[in-house]
Amino acid sequence: MAMGTIAYYLIAVNLAAFAAYVWDKHLAETGGRRISESTLLGLACLGGSPGAWAAMRLVRHKTRKASFQTSFHVLLAVQIVLLVAASTERGRAFLTLLV
């Protein structure tokens, strides 16, 4: 996959995650049908964790729900470990074995 394609994907998924978290906050305040936590975490899992984190901080959404925060932080930690591993030759070799 070309670097440009990856960049466009990450921009899109982060915008989608940001919008979903902000929209869910709006729905929470207005009594609308909510976006499921699994969908919100799924967007973060697909690479949208920076956008999700920014939205959570900006609109103060899902910041007091301990179980959601735990899931989000575990997901974030796994992503950071994978990113660090992917940045080294040995790490890439290990990741190739996993896939």
# chains A, B, ... in the order shown; residues from 1 in each chain; ligands from 1
>>> residues_around(residues="stretch 60-71 of chain A", least_positions_apart="6", cutoff="9 Å", atoms="only C-alpha atoms", output="number ranges by chain")
A: 21-22, 24-25, 37, 41
>>> write_last_selection(atoms="C-alpha atoms", output="mmCIF file, in the first residue's frame")
data_model
loop_
_atom_site.group_PDB
_atom_site.id
_atom_site.type_symbol
_atom_site.label_atom_id
_atom_site.label_comp_id
_atom_site.auth_asym_id
_atom_site.auth_seq_id
_atom_site.Cartn_x
_atom_site.Cartn_y
_atom_site.Cartn_z
ATOM 1 C CA TYR A 21 -17.728 10.698 19.095
ATOM 2 C CA VAL A 22 -18.967 14.286 18.757
ATOM 3 C CA ASP A 24 -22.725 10.506 20.029
ATOM 4 C CA LYS A 25 -22.199 13.243 22.612
ATOM 5 C CA GLU A 37 -19.600 1.667 22.304
ATOM 6 C CA LEU A 41 -14.095 1.556 19.832
#
>>> residues_around(residues="A:Ile11", least_positions_apart="6", cutoff="10 Å", atoms="only C-alpha atoms", output="list in words")
Thr5, Ala17, Gly47, Gly48 and Gly51 of chain A
>>> select_by_dssp(residues="chain A", states="alpha helix (DSSP H)", output="VMD selection string")
chain A and resid 3 to 30 37 to 43 49 to 59 66 to 86 89 to 98
>>> residues_around(residues="stretch 91-98 of chain A", least_positions_apart="6", cutoff="12 Å", atoms="only C-alpha atoms", output="MDAnalysis selection string")
chainID A and resid 81:85
>>> write_last_selection(atoms="C-alpha atoms", output="CSV table (one decimal), in the first residue's frame")
chain,number,residue,atom,x,y,z
A,81,VAL,CA,3.4,-1.2,20.7
A,82,LEU,CA,2.5,-2.2,17.1
A,83,LEU,CA,3.6,1.1,15.7
A,84,VAL,CA,6.9,1.0,17.6
A,85,ALA,CA,7.4,-2.6,16.4
>>> closest_residue(among="A:Leu76, A:Ile35, A:Ala28, A:Ala7", to="A:Trp53", atoms="only C-alpha atoms")
A:Leu76
>>> atom_distance(atom1="atom CA of A:Ile80", atom2="atom CA of A:Ala20")
22.3 Å
>>> decode(residues="stretch 44-59 of chain A", atoms="all heavy atoms", output="tab-separated table (two decimals), in the first residue's frame")
chain	number	residue	atom	x	y	z
A	44	ALA	N	-11.86	3.55	16.56
A	44	ALA	CA	-10.53	3.77	17.14
A	44	ALA	C	-9.59	2.64	16.77
A	44	ALA	O	-8.43	2.88	16.42
A	44	ALA	CB	-10.64	3.90	18.65
A	45	CYS	N	-10.09	1.42	16.79
A	45	CYS	CA	-9.27	0.25	16.45
A	45	CYS	C	-8.80	0.27	15.01
A	45	CYS	O	-7.70	-0.17	14.71
A	45	CYS	CB	-10.09	-1.01	16.72
A	45	CYS	SG	-9.16	-2.53	16.49
A	46	LEU	N	-9.62	0.80	14.12
A	46	LEU	CA	-9.26	0.86	12.70
A	46	LEU	C	-8.22	1.93	12.39
A	46	LEU	O	-7.87	2.13	11.24
A	46	LEU	CB	-10.52	1.10	11.86
A	46	LEU	CG	-11.51	-0.06	11.83
A	46	LEU	CD1	-12.79	0.36	11.12
A	46	LEU	CD2	-10.89	-1.26	11.15
A	47	GLY	N	-7.73	2.61	13.41
A	47	GLY	CA	-6.71	3.64	13.20
A	47	GLY	C	-7.19	5.04	13.58
A	47	GLY	O	-6.45	6.00	13.45
A	48	GLY	N	-8.42	5.14	14.06
A	48	GLY	CA	-8.98	6.44	14.39
A	48	GLY	C	-8.79	6.85	15.84
A	48	GLY	O	-9.47	7.76	16.32
A	49	SER	N	-7.89	6.20	16.56
A	49	SER	CA	-7.72	6.53	17.98
A	49	SER	C	-7.29	7.98	18.23
A	49	SER	O	-7.77	8.58	19.18
A	49	SER	CB	-6.78	5.54	18.66
A	49	SER	OG	-5.58	5.41	17.97
A	50	PRO	N	-6.42	8.59	17.40
A	50	PRO	CA	-6.12	10.01	17.65
A	50	PRO	C	-7.36	10.91	17.51
A	50	PRO	O	-7.58	11.80	18.33
A	50	PRO	CB	-5.07	10.35	16.59
A	50	PRO	CG	-4.41	9.05	16.29
A	50	PRO	CD	-5.52	8.03	16.36
A	51	GLY	N	-8.18	10.65	16.50
A	51	GLY	CA	-9.40	11.44	16.32
A	51	GLY	C	-10.38	11.19	17.45
A	51	GLY	O	-11.04	12.12	17.94
A	52	ALA	N	-10.51	9.94	17.88
A	52	ALA	CA	-11.39	9.59	18.99
A	52	ALA	C	-10.92	10.28	20.27
A	52	ALA	O	-11.72	10.86	21.01
A	52	ALA	CB	-11.41	8.08	19.19
A	53	TRP	N	-9.62	10.21	20.53
A	53	TRP	CA	-9.07	10.84	21.74
A	53	TRP	C	-9.31	12.35	21.72
A	53	TRP	O	-9.72	12.92	22.73
A	53	TRP	CB	-7.57	10.53	21.84
A	53	TRP	CG	-6.95	11.12	23.06
A	53	TRP	CD1	-6.92	10.57	24.31
A	53	TRP	CD2	-6.29	12.39	23.17
A	53	TRP	NE1	-6.28	11.43	25.17
A	53	TRP	CE2	-5.88	12.54	24.49
A	53	TRP	CE3	-6.01	13.39	22.25
A	53	TRP	CZ2	-5.22	13.67	24.93
A	53	TRP	CZ3	-5.34	14.51	22.69
A	53	TRP	CH2	-4.95	14.65	24.02
A	54	ALA	N	-9.09	12.98	20.57
A	54	ALA	CA	-9.29	14.43	20.47
A	54	ALA	C	-10.75	14.79	20.73
A	54	ALA	O	-11.03	15.75	21.46
A	54	ALA	CB	-8.86	14.92	19.08
A	55	ALA	N	-11.68	14.03	20.17
A	55	ALA	CA	-13.09	14.30	20.39
A	55	ALA	C	-13.48	14.08	21.85
A	55	ALA	O	-14.24	14.88	22.42
A	55	ALA	CB	-13.95	13.44	19.47
A	56	MET	N	-12.97	13.02	22.46
A	56	MET	CA	-13.29	12.75	23.86
A	56	MET	C	-12.85	13.92	24.74
A	56	MET	O	-13.56	14.31	25.66
A	56	MET	CB	-12.63	11.46	24.34
A	56	MET	CG	-13.32	10.22	23.85
A	56	MET	SD	-12.78	8.71	24.67
A	56	MET	CE	-11.08	8.57	24.15
A	57	ARG	N	-11.69	14.47	24.43
A	57	ARG	CA	-11.20	15.58	25.24
A	57	ARG	C	-11.93	16.89	24.91
A	57	ARG	O	-12.26	17.66	25.81
A	57	ARG	CB	-9.69	15.77	25.03
A	57	ARG	CG	-8.85	14.61	25.48
A	57	ARG	CD	-9.02	14.34	26.99
A	57	ARG	NE	-8.37	13.11	27.39
A	57	ARG	CZ	-9.02	12.01	27.75
A	57	ARG	NH1	-10.32	11.97	27.73
A	57	ARG	NH2	-8.38	10.94	28.13
A	58	LEU	N	-12.20	17.12	23.66
A	58	LEU	CA	-12.84	18.37	23.24
A	58	LEU	C	-14.27	18.49	23.77
A	58	LEU	O	-14.64	19.55	24.30
A	58	LEU	CB	-12.84	18.49	21.72
A	58	LEU	CG	-13.44	19.78	21.16
A	58	LEU	CD1	-12.56	20.98	21.52
A	58	LEU	CD2	-13.60	19.68	19.65
A	59	VAL	N	-15.06	17.44	23.63
A	59	VAL	CA	-16.46	17.53	24.05
A	59	VAL	C	-16.72	16.78	25.36
A	59	VAL	O	-17.88	16.67	25.77
A	59	VAL	CB	-17.43	17.03	22.94
A	59	VAL	CG1	-17.31	17.88	21.71
A	59	VAL	CG2	-17.21	15.57	22.61
